[in-house]
$ cat final_1.txt   # compact mmCIF, C-alpha atoms and all ligand atoms
# COMPACT_ATOMS: atom_id res chain seq x y z
CA ASP A 10 50.65 -69.39 42.63
CA THR A 11 50.75 -66.02 44.35
CA THR A 12 52.19 -64.34 41.28
CA GLY A 13 49.34 -65.49 39.05
CA PHE A 14 47.44 -62.24 38.70
CA ILE A 15 45.71 -61.77 35.36
CA HIS A 16 47.42 -58.65 34.07
CA ARG A 17 48.41 -56.46 31.16
CA PHE A 18 51.92 -55.25 30.57
CA GLU A 19 52.47 -52.32 28.21
CA PRO A 20 56.13 -51.74 27.39
CA GLY A 21 57.58 -48.24 27.42
CA PRO A 22 61.08 -46.80 27.10
CA ASP A 23 61.14 -45.95 30.82
CA THR A 24 61.53 -49.34 32.49
CA ALA A 25 63.45 -47.83 35.43
CA ARG A 26 60.32 -46.34 36.96
CA PRO A 27 57.25 -48.19 35.69
CA LEU A 28 53.69 -47.49 36.83
CA LEU A 29 51.71 -50.10 38.74
CA LEU A 30 48.08 -49.44 37.77
CA LEU A 31 45.46 -50.52 40.32
CA HIS A 32 41.83 -50.29 39.26
CA GLY A 33 38.69 -49.56 41.27
CA THR A 34 35.87 -51.95 42.19
CA GLY A 35 34.32 -53.38 39.03
CA GLY A 36 37.29 -52.44 36.87
CA ASP A 37 39.94 -54.66 35.39
CA GLU A 38 43.49 -54.76 34.05
CA ASN A 39 42.53 -52.71 30.98
CA ASP A 40 40.82 -49.80 32.74
CA LEU A 41 43.71 -47.58 33.73
CA LEU A 42 46.04 -48.19 30.77
CA PRO A 43 44.83 -45.04 28.95
CA LEU A 44 45.16 -42.94 32.14
CA GLY A 45 48.64 -44.36 32.80
CA ARG A 46 49.73 -43.60 29.25
CA MET A 47 48.40 -40.02 29.56
CA VAL A 48 50.15 -39.21 32.83
CA ALA A 49 53.39 -41.09 32.10
CA PRO A 50 53.84 -41.27 28.31
CA GLU A 51 57.22 -43.05 28.51
CA ALA A 52 56.62 -45.44 31.37
CA ALA A 53 56.24 -49.18 31.18
CA LEU A 54 52.77 -50.01 32.56
CA LEU A 55 51.95 -53.02 34.74
CA ALA A 56 48.24 -53.54 35.39
CA PRO A 57 46.98 -56.52 37.44
CA ARG A 58 43.33 -57.46 37.90
CA GLY A 59 42.17 -57.70 41.52
CA GLY A 60 41.76 -61.33 42.57
CA VAL A 61 38.50 -60.90 44.49
CA SER A 62 35.10 -60.95 42.79
CA GLU A 63 32.26 -59.11 44.53
CA ASN A 64 29.15 -60.17 42.62
CA GLY A 65 31.27 -60.32 39.48
CA MET A 66 33.06 -57.04 40.18
CA PRO A 67 36.84 -57.43 40.49
CA ARG A 68 38.48 -55.92 43.61
CA PHE A 69 41.86 -56.23 45.31
CA PHE A 70 40.54 -57.39 48.71
CA LEU A 71 37.35 -58.35 50.54
CA ARG A 72 35.16 -55.84 52.33
CA LEU A 73 32.43 -56.40 54.89
CA ALA A 74 30.47 -53.34 53.72
CA GLU A 75 31.22 -50.22 51.71
CA GLY A 76 34.19 -48.60 53.44
CA VAL A 77 34.49 -51.44 56.00
CA PHE A 78 37.44 -53.64 55.11
CA ASP A 79 38.33 -57.24 55.91
CA GLU A 80 41.75 -56.26 57.25
CA ALA A 81 43.07 -59.84 57.48
CA ASP A 82 42.22 -60.40 53.83
CA LEU A 83 43.71 -57.01 52.91
CA ARG A 84 46.99 -57.96 54.63
CA ARG A 85 47.19 -61.31 52.87
CA ARG A 86 46.37 -59.88 49.44
CA THR A 87 48.80 -57.02 49.91
CA GLY A 88 51.50 -59.68 50.32
CA ASP A 89 50.26 -61.44 47.16
CA LEU A 90 50.40 -58.17 45.23
CA ALA A 91 53.93 -57.46 46.48
CA ALA A 92 54.96 -60.94 45.27
CA PHE A 93 53.34 -60.27 41.89
CA VAL A 94 55.26 -57.01 41.57
CA ALA A 95 58.56 -58.70 42.44
CA ALA A 96 57.94 -61.52 39.93
CA SER A 97 56.85 -59.07 37.23
CA ARG A 98 59.94 -56.92 37.75
CA ALA A 99 62.12 -59.97 37.10
CA ARG A 100 60.00 -61.13 34.16
CA TYR A 101 59.81 -57.77 32.37
CA GLY A 102 63.10 -56.23 33.54
CA LEU A 103 61.62 -53.37 35.56
CA GLY A 104 62.78 -51.07 38.32
CA PRO A 105 60.57 -50.55 41.38
CA PRO A 106 57.20 -49.10 40.34
CA LEU A 107 55.28 -46.07 41.39
CA ALA A 108 51.64 -46.99 42.02
CA LEU A 109 48.72 -45.21 40.38
CA GLY A 110 45.60 -46.42 42.14
CA PHE A 111 41.95 -45.45 41.94
CA SER A 112 39.45 -46.08 44.76
CA ASN A 113 39.81 -49.74 45.78
CA GLY A 114 43.13 -49.81 43.92
CA ALA A 115 44.29 -46.70 45.79
CA ASN A 116 43.38 -48.41 49.05
CA ILE A 117 45.55 -51.45 48.37
CA ALA A 118 48.31 -49.11 47.17
CA ALA A 119 48.14 -47.37 50.57
CA SER A 120 48.29 -50.80 52.21
CA LEU A 121 51.37 -51.71 50.10
CA LEU A 122 53.06 -48.50 51.27
CA MET A 123 52.34 -49.36 54.90
CA LEU A 124 53.05 -53.11 54.88
CA ARG A 125 55.54 -53.59 52.03
CA PRO A 126 57.20 -50.19 51.59
CA GLU A 127 60.08 -51.71 49.58
CA THR A 128 57.61 -52.52 46.78
CA LEU A 129 56.91 -48.94 45.65
CA THR A 130 58.96 -45.81 45.01
CA GLY A 131 55.87 -43.67 45.58
CA ALA A 132 52.20 -43.44 44.70
CA VAL A 133 49.40 -41.43 43.19
CA LEU A 134 46.32 -42.27 45.25
CA ILE A 135 43.04 -41.18 43.68
CA ARG A 136 40.05 -41.18 46.13
CA PRO A 137 41.77 -43.36 48.76
CA MET A 138 40.71 -43.92 52.33
CA VAL A 139 42.42 -45.16 55.50
CA PRO A 140 43.00 -48.89 54.92
CA PHE A 141 43.64 -50.01 58.54
CA ALA A 142 41.99 -48.94 61.79
CA GLU A 143 45.47 -48.99 63.37
CA PRO A 144 48.11 -47.84 60.88
CA PRO A 145 51.03 -50.32 60.64
CA ALA A 146 54.42 -48.71 61.38
CA ALA A 147 56.37 -48.26 58.15
CA ASP A 148 59.52 -46.44 57.04
CA LEU A 149 58.55 -44.40 53.99
CA ALA A 150 61.44 -41.95 54.26
CA GLY A 151 61.12 -39.40 51.48
CA ARG A 152 58.71 -41.43 49.32
CA PRO A 153 56.58 -39.06 47.23
CA VAL A 154 52.82 -39.58 47.53
CA LEU A 155 50.09 -37.56 45.82
CA ILE A 156 46.59 -37.92 47.27
CA LEU A 157 43.69 -36.62 45.18
CA SER A 158 40.38 -36.38 47.02
CA GLY A 159 36.95 -35.25 45.85
CA ALA A 160 35.33 -32.46 47.87
CA MET A 161 31.92 -33.99 47.08
CA ASP A 162 32.92 -37.66 47.35
CA PRO A 163 29.93 -39.54 48.87
CA ILE A 164 32.09 -42.62 49.65
CA VAL A 165 35.20 -41.07 51.21
CA PRO A 166 34.82 -38.08 53.55
CA VAL A 167 37.68 -35.61 53.06
CA GLU A 168 38.47 -35.97 56.77
CA ASN A 169 39.20 -39.67 56.23
CA ALA A 170 41.64 -38.91 53.40
CA ARG A 171 43.28 -36.27 55.61
CA ARG A 172 43.86 -38.95 58.23
CA LEU A 173 45.52 -41.16 55.62
CA ALA A 174 47.74 -38.24 54.56
CA GLN A 175 48.76 -37.75 58.20
CA GLN A 176 49.50 -41.44 58.70
CA LEU A 177 51.74 -41.58 55.61
CA SER A 178 53.48 -38.32 56.56
CA ALA A 179 54.10 -39.66 60.06
CA SER A 180 55.90 -42.62 58.43
CA GLY A 181 58.17 -40.20 56.57
CA ALA A 182 56.46 -39.98 53.17
CA ARG A 183 56.53 -36.67 51.31
CA VAL A 184 52.75 -36.29 50.95
CA GLU A 185 50.82 -33.78 48.88
CA HIS A 186 47.07 -33.88 49.47
CA ARG A 187 44.86 -32.01 47.02
CA ILE A 188 41.12 -31.69 47.26
CA LEU A 189 39.44 -31.38 43.87
CA PRO A 190 35.95 -30.10 43.06
CA ALA A 191 34.85 -33.64 42.21
CA GLY A 192 32.91 -36.65 43.47
CA HIS A 193 34.23 -40.23 43.75
CA GLY A 194 34.71 -40.59 40.00
CA LEU A 195 37.80 -39.68 38.00
CA SER A 196 37.80 -36.15 36.63
CA GLN A 197 39.89 -34.25 34.12
CA ALA A 198 41.55 -32.48 37.05
CA ASP A 199 42.87 -35.84 38.31
CA VAL A 200 44.60 -36.37 34.99
CA SER A 201 46.20 -32.93 34.88
CA GLN A 202 47.23 -32.98 38.55
CA ALA A 203 48.77 -36.45 38.29
CA LEU A 204 50.60 -35.53 35.08
CA ALA A 205 52.06 -32.32 36.52
CA TRP A 206 53.03 -33.99 39.79
CA LEU A 207 54.73 -36.94 38.08
CA ARG A 208 56.66 -34.55 35.83
CA SER A 209 57.84 -32.61 38.88
CA LEU A 210 59.47 -35.70 40.46
CA PRO A 211 63.27 -35.79 40.33
C1 LIG B 1 36.81 -49.93 48.85
O1 LIG B 1 36.05 -50.84 49.05
O2 LIG B 1 38.03 -50.09 48.62
C2 LIG B 1 36.24 -48.55 48.91
O3 LIG B 1 34.95 -48.61 49.42
C3 LIG B 1 36.29 -47.90 47.58
C4 LIG B 1 35.48 -48.66 46.57
O4 LIG B 1 36.01 -49.61 46.01
O5 LIG B 1 34.33 -48.32 46.33

$ encode --input "final_1.txt" --output "structure tokens"
Amino acid sequence: DTTGFIHRFEPGPDTARPLLLLHGTGGDENDLLPLGRMVAPEAALLAPRGGVSENGMPRFFLRLAEGVFDEADLRRRTGDLAAFVAASRARYGLGPPLALGFSNGANIAASLLMLRPETLTGAVLIRPMVPFAEPPAADLAGRPVLILSGAMDPIVPVENARRLAQQLSASGARVEHRILPAGHGLSQADVSQALAWLRSLP
């Protein structure tokens, strides 16, 4: 059953534009609910748990090493996640979600944008990196994407995140890339930037 992700659903008055919350390595479906509620107080929140376990740490796809992805697995699991979103929209009566992903969750959100652009209306990508060596061609016309990088991130060089921003822009997305005085972890600035950016969307 491709739609069988363990997940949490938190109702909210705004079911037209829910948030799809995608956790980082070692997180789970509960992790980002408080962040989601802070940055989108009205939104319905849909939070799946990644289906891969790396030594007990949940993730959304396999990797060969840190920062080196199993691209075939990423493609397959991106399809599974798109199917989960479609099934959850029908089950909970939701419009198409905007993704809020952190680290590994941001990486599969970027993959969803590239491979299954119909799944998302946009995305907040916190500490993402380029998911595919060769970016798949996608039509992201006008989709808003906020990328938040850490200037001192030891896992994702800022240059790599810049490349992702360029790839998404080249597909037509309306990308804002901000570089925060932070490492790989979430900071208060991520919360305030995401909140202000989400509020600024039409
Ligand atoms: C990944 O594997 O997606 C990236 O290395 C980020 C991480 O999860 O640490």

$ axis_aligned_box --input "final_1.txt" --around "segment 58-68 of chain A" --padding-each-side "8 Å" --output "lines of an AutoDock Vina configuration file"
center_x = 36.2
center_y = -58.6
center_z = 41.2
size_x = 30.2
size_y = 21.4
size_z = 22.6

$ residues_near_ligand --input "final_1.txt" --ligand "ligand LIG 1 (chain B)" --cutoff "6 Å" --atoms "only C-alpha atoms and all ligand atoms" --output "ChimeraX atom specification"
/A:33-34,75-76,112-113,116

$ residues_around --input "final_1.txt" --residues "Ala74 of chain A" --least-positions-apart "5" --cutoff "12 Å" --atoms "all atoms listed in the file" --output "number ranges by chain"
A: 63, 79, 164

$ closest_residue --input "final_1.txt" --among "A:Ala91, A:Val154, A:Ala118, A:Leu28" --to "Ser178 of chain A" --atoms "all atoms listed in the file"
A:Val154

$ atom_distance --input "final_1.txt" --atom1 "atom CA of Thr87 of chain A" --atom2 "atom CA of His16 of chain A"
16.0 Å

$ closest_residue --input "final_1.txt" --among "A:Glu127, A:Asp162, A:Asp23, A:Asp89" --to "Ser196 of chain A" --atoms "only C-alpha atoms"
A:Asp162

$ residues_around --input "final_1.txt" --residues "Gly192 of chain A" --least-positions-apart "4" --cutoff "8 Å" --atoms "all atoms listed in the file" --output "number ranges by chain"
A: 159-163

$ residues_around --input "final_1.txt" --residues "segment 49-53 of chain A" --least-positions-apart "5" --cutoff "8 Å" --atoms "all atoms listed in the file" --output "MDAnalysis selection string"
chainID A and resid 18:24 26:28 204 207

$ closest_residue --input "final_1.txt" --among "A:Asn169, A:Gln176, A:Thr130, A:Gln197" --to "Leu210 of chain A" --atoms "all atoms listed in the file"
A:Thr130

$ closest_residue --input "final_1.txt" --among "A:Ala170, A:Phe111, A:Ile117, A:Leu29" --to "Arg72 of chain A" --atoms "all atoms listed in the file"
A:Ile117

$ decode --input "final_1.txt" --residues "segment 120-183 of chain A" --atoms "C-alpha atoms" --output "PDB file, in the first residue's frame"
ATOM      1  CA  SER A 120      12.452  16.018  -5.598  1.00  0.00           C
ATOM      2  CA  LEU A 121       8.626  16.265  -5.475  1.00  0.00           C
ATOM      3  CA  LEU A 122       8.844  19.693  -7.126  1.00  0.00           C
ATOM      4  CA  MET A 123      11.037  18.294  -9.897  1.00  0.00           C
ATOM      5  CA  LEU A 124       9.333  14.942 -10.514  1.00  0.00           C
ATOM      6  CA  ARG A 125       5.716  15.495  -9.429  1.00  0.00           C
ATOM      7  CA  PRO A 126       5.178  19.266  -9.679  1.00  0.00           C
ATOM      8  CA  GLU A 127       1.376  18.860  -9.584  1.00  0.00           C
ATOM      9  CA  THR A 128       1.658  17.656  -5.975  1.00  0.00           C
ATOM     10  CA  LEU A 129       2.717  20.969  -4.396  1.00  0.00           C
ATOM     11  CA  THR A 130       1.687  24.609  -4.697  1.00  0.00           C
ATOM     12  CA  GLY A 131       5.098  25.683  -3.418  1.00  0.00           C
ATOM     13  CA  ALA A 132       7.654  24.913  -0.741  1.00  0.00           C
ATOM     14  CA  VAL A 133       9.724  26.160   2.156  1.00  0.00           C
ATOM     15  CA  LEU A 134      13.003  24.252   1.945  1.00  0.00           C
ATOM     16  CA  ILE A 135      15.147  24.483   5.074  1.00  0.00           C
ATOM     17  CA  ARG A 136      18.804  23.362   4.550  1.00  0.00           C
ATOM     18  CA  PRO A 137      18.129  21.525   1.268  1.00  0.00           C
ATOM     19  CA  MET A 138      20.660  20.327  -1.256  1.00  0.00           C
ATOM     20  CA  VAL A 139      20.560  19.329  -4.921  1.00  0.00           C
ATOM     21  CA  PRO A 140      18.666  16.003  -5.002  1.00  0.00           C
ATOM     22  CA  PHE A 141      19.693  14.764  -8.489  1.00  0.00           C
ATOM     23  CA  ALA A 142      23.022  14.972 -10.313  1.00  0.00           C
ATOM     24  CA  GLU A 143      21.036  15.781 -13.476  1.00  0.00           C
ATOM     25  CA  PRO A 144      17.973  17.899 -12.656  1.00  0.00           C
ATOM     26  CA  PRO A 145      14.765  16.421 -14.158  1.00  0.00           C
ATOM     27  CA  ALA A 146      12.919  18.865 -16.440  1.00  0.00           C
ATOM     28  CA  ALA A 147       9.820  20.196 -14.687  1.00  0.00           C
ATOM     29  CA  ASP A 148       7.273  22.954 -15.257  1.00  0.00           C
ATOM     30  CA  LEU A 149       7.085  24.920 -12.018  1.00  0.00           C
ATOM     31  CA  ALA A 150       5.652  28.067 -13.583  1.00  0.00           C
ATOM     32  CA  GLY A 151       5.244  30.685 -10.873  1.00  0.00           C
ATOM     33  CA  ARG A 152       5.433  28.261  -7.919  1.00  0.00           C
ATOM     34  CA  PRO A 153       6.776  30.101  -4.860  1.00  0.00           C
ATOM     35  CA  VAL A 154       9.783  28.478  -3.193  1.00  0.00           C
ATOM     36  CA  LEU A 155      11.693  29.773  -0.171  1.00  0.00           C
ATOM     37  CA  ILE A 156      15.142  28.257   0.403  1.00  0.00           C
ATOM     38  CA  LEU A 157      16.772  28.862   3.782  1.00  0.00           C
ATOM     39  CA  SER A 158      20.454  27.936   3.970  1.00  0.00           C
ATOM     40  CA  GLY A 159      22.933  28.122   6.828  1.00  0.00           C
ATOM     41  CA  ALA A 160      26.117  30.098   6.157  1.00  0.00           C
ATOM     42  CA  MET A 161      27.976  27.723   8.506  1.00  0.00           C
ATOM     43  CA  ASP A 162      26.212  24.499   7.494  1.00  0.00           C
ATOM     44  CA  PRO A 163      28.825  21.687   7.632  1.00  0.00           C
ATOM     45  CA  ILE A 164      26.569  19.308   5.621  1.00  0.00           C
ATOM     46  CA  VAL A 165      25.348  21.535   2.777  1.00  0.00           C
ATOM     47  CA  PRO A 166      27.774  24.032   1.199  1.00  0.00           C
ATOM     48  CA  VAL A 167      25.964  27.263   0.298  1.00  0.00           C
ATOM     49  CA  GLU A 168      27.146  26.782  -3.295  1.00  0.00           C
ATOM     50  CA  ASN A 169      25.165  23.527  -3.481  1.00  0.00           C
ATOM     51  CA  ALA A 170      21.978  25.251  -2.291  1.00  0.00           C
ATOM     52  CA  ARG A 171      22.603  28.017  -4.848  1.00  0.00           C
ATOM     53  CA  ARG A 172      22.693  25.380  -7.559  1.00  0.00           C
ATOM     54  CA  LEU A 173      19.338  24.023  -6.367  1.00  0.00           C
ATOM     55  CA  ALA A 174      17.897  27.555  -6.415  1.00  0.00           C
ATOM     56  CA  GLN A 175      19.109  27.954 -10.011  1.00  0.00           C
ATOM     57  CA  GLN A 176      17.661  24.611 -11.086  1.00  0.00           C
ATOM     58  CA  LEU A 177      14.233  25.443  -9.637  1.00  0.00           C
ATOM     59  CA  SER A 178      14.309  28.965 -11.117  1.00  0.00           C
ATOM     60  CA  ALA A 179      15.217  27.519 -14.515  1.00  0.00           C
ATOM     61  CA  SER A 180      12.040  25.388 -14.276  1.00  0.00           C
ATOM     62  CA  GLY A 181       9.994  28.542 -13.714  1.00  0.00           C
ATOM     63  CA  ALA A 182       9.666  28.594  -9.919  1.00  0.00           C
ATOM     64  CA  ARG A 183       9.651  31.954  -8.132  1.00  0.00           C
TER      65      ARG A 183
END
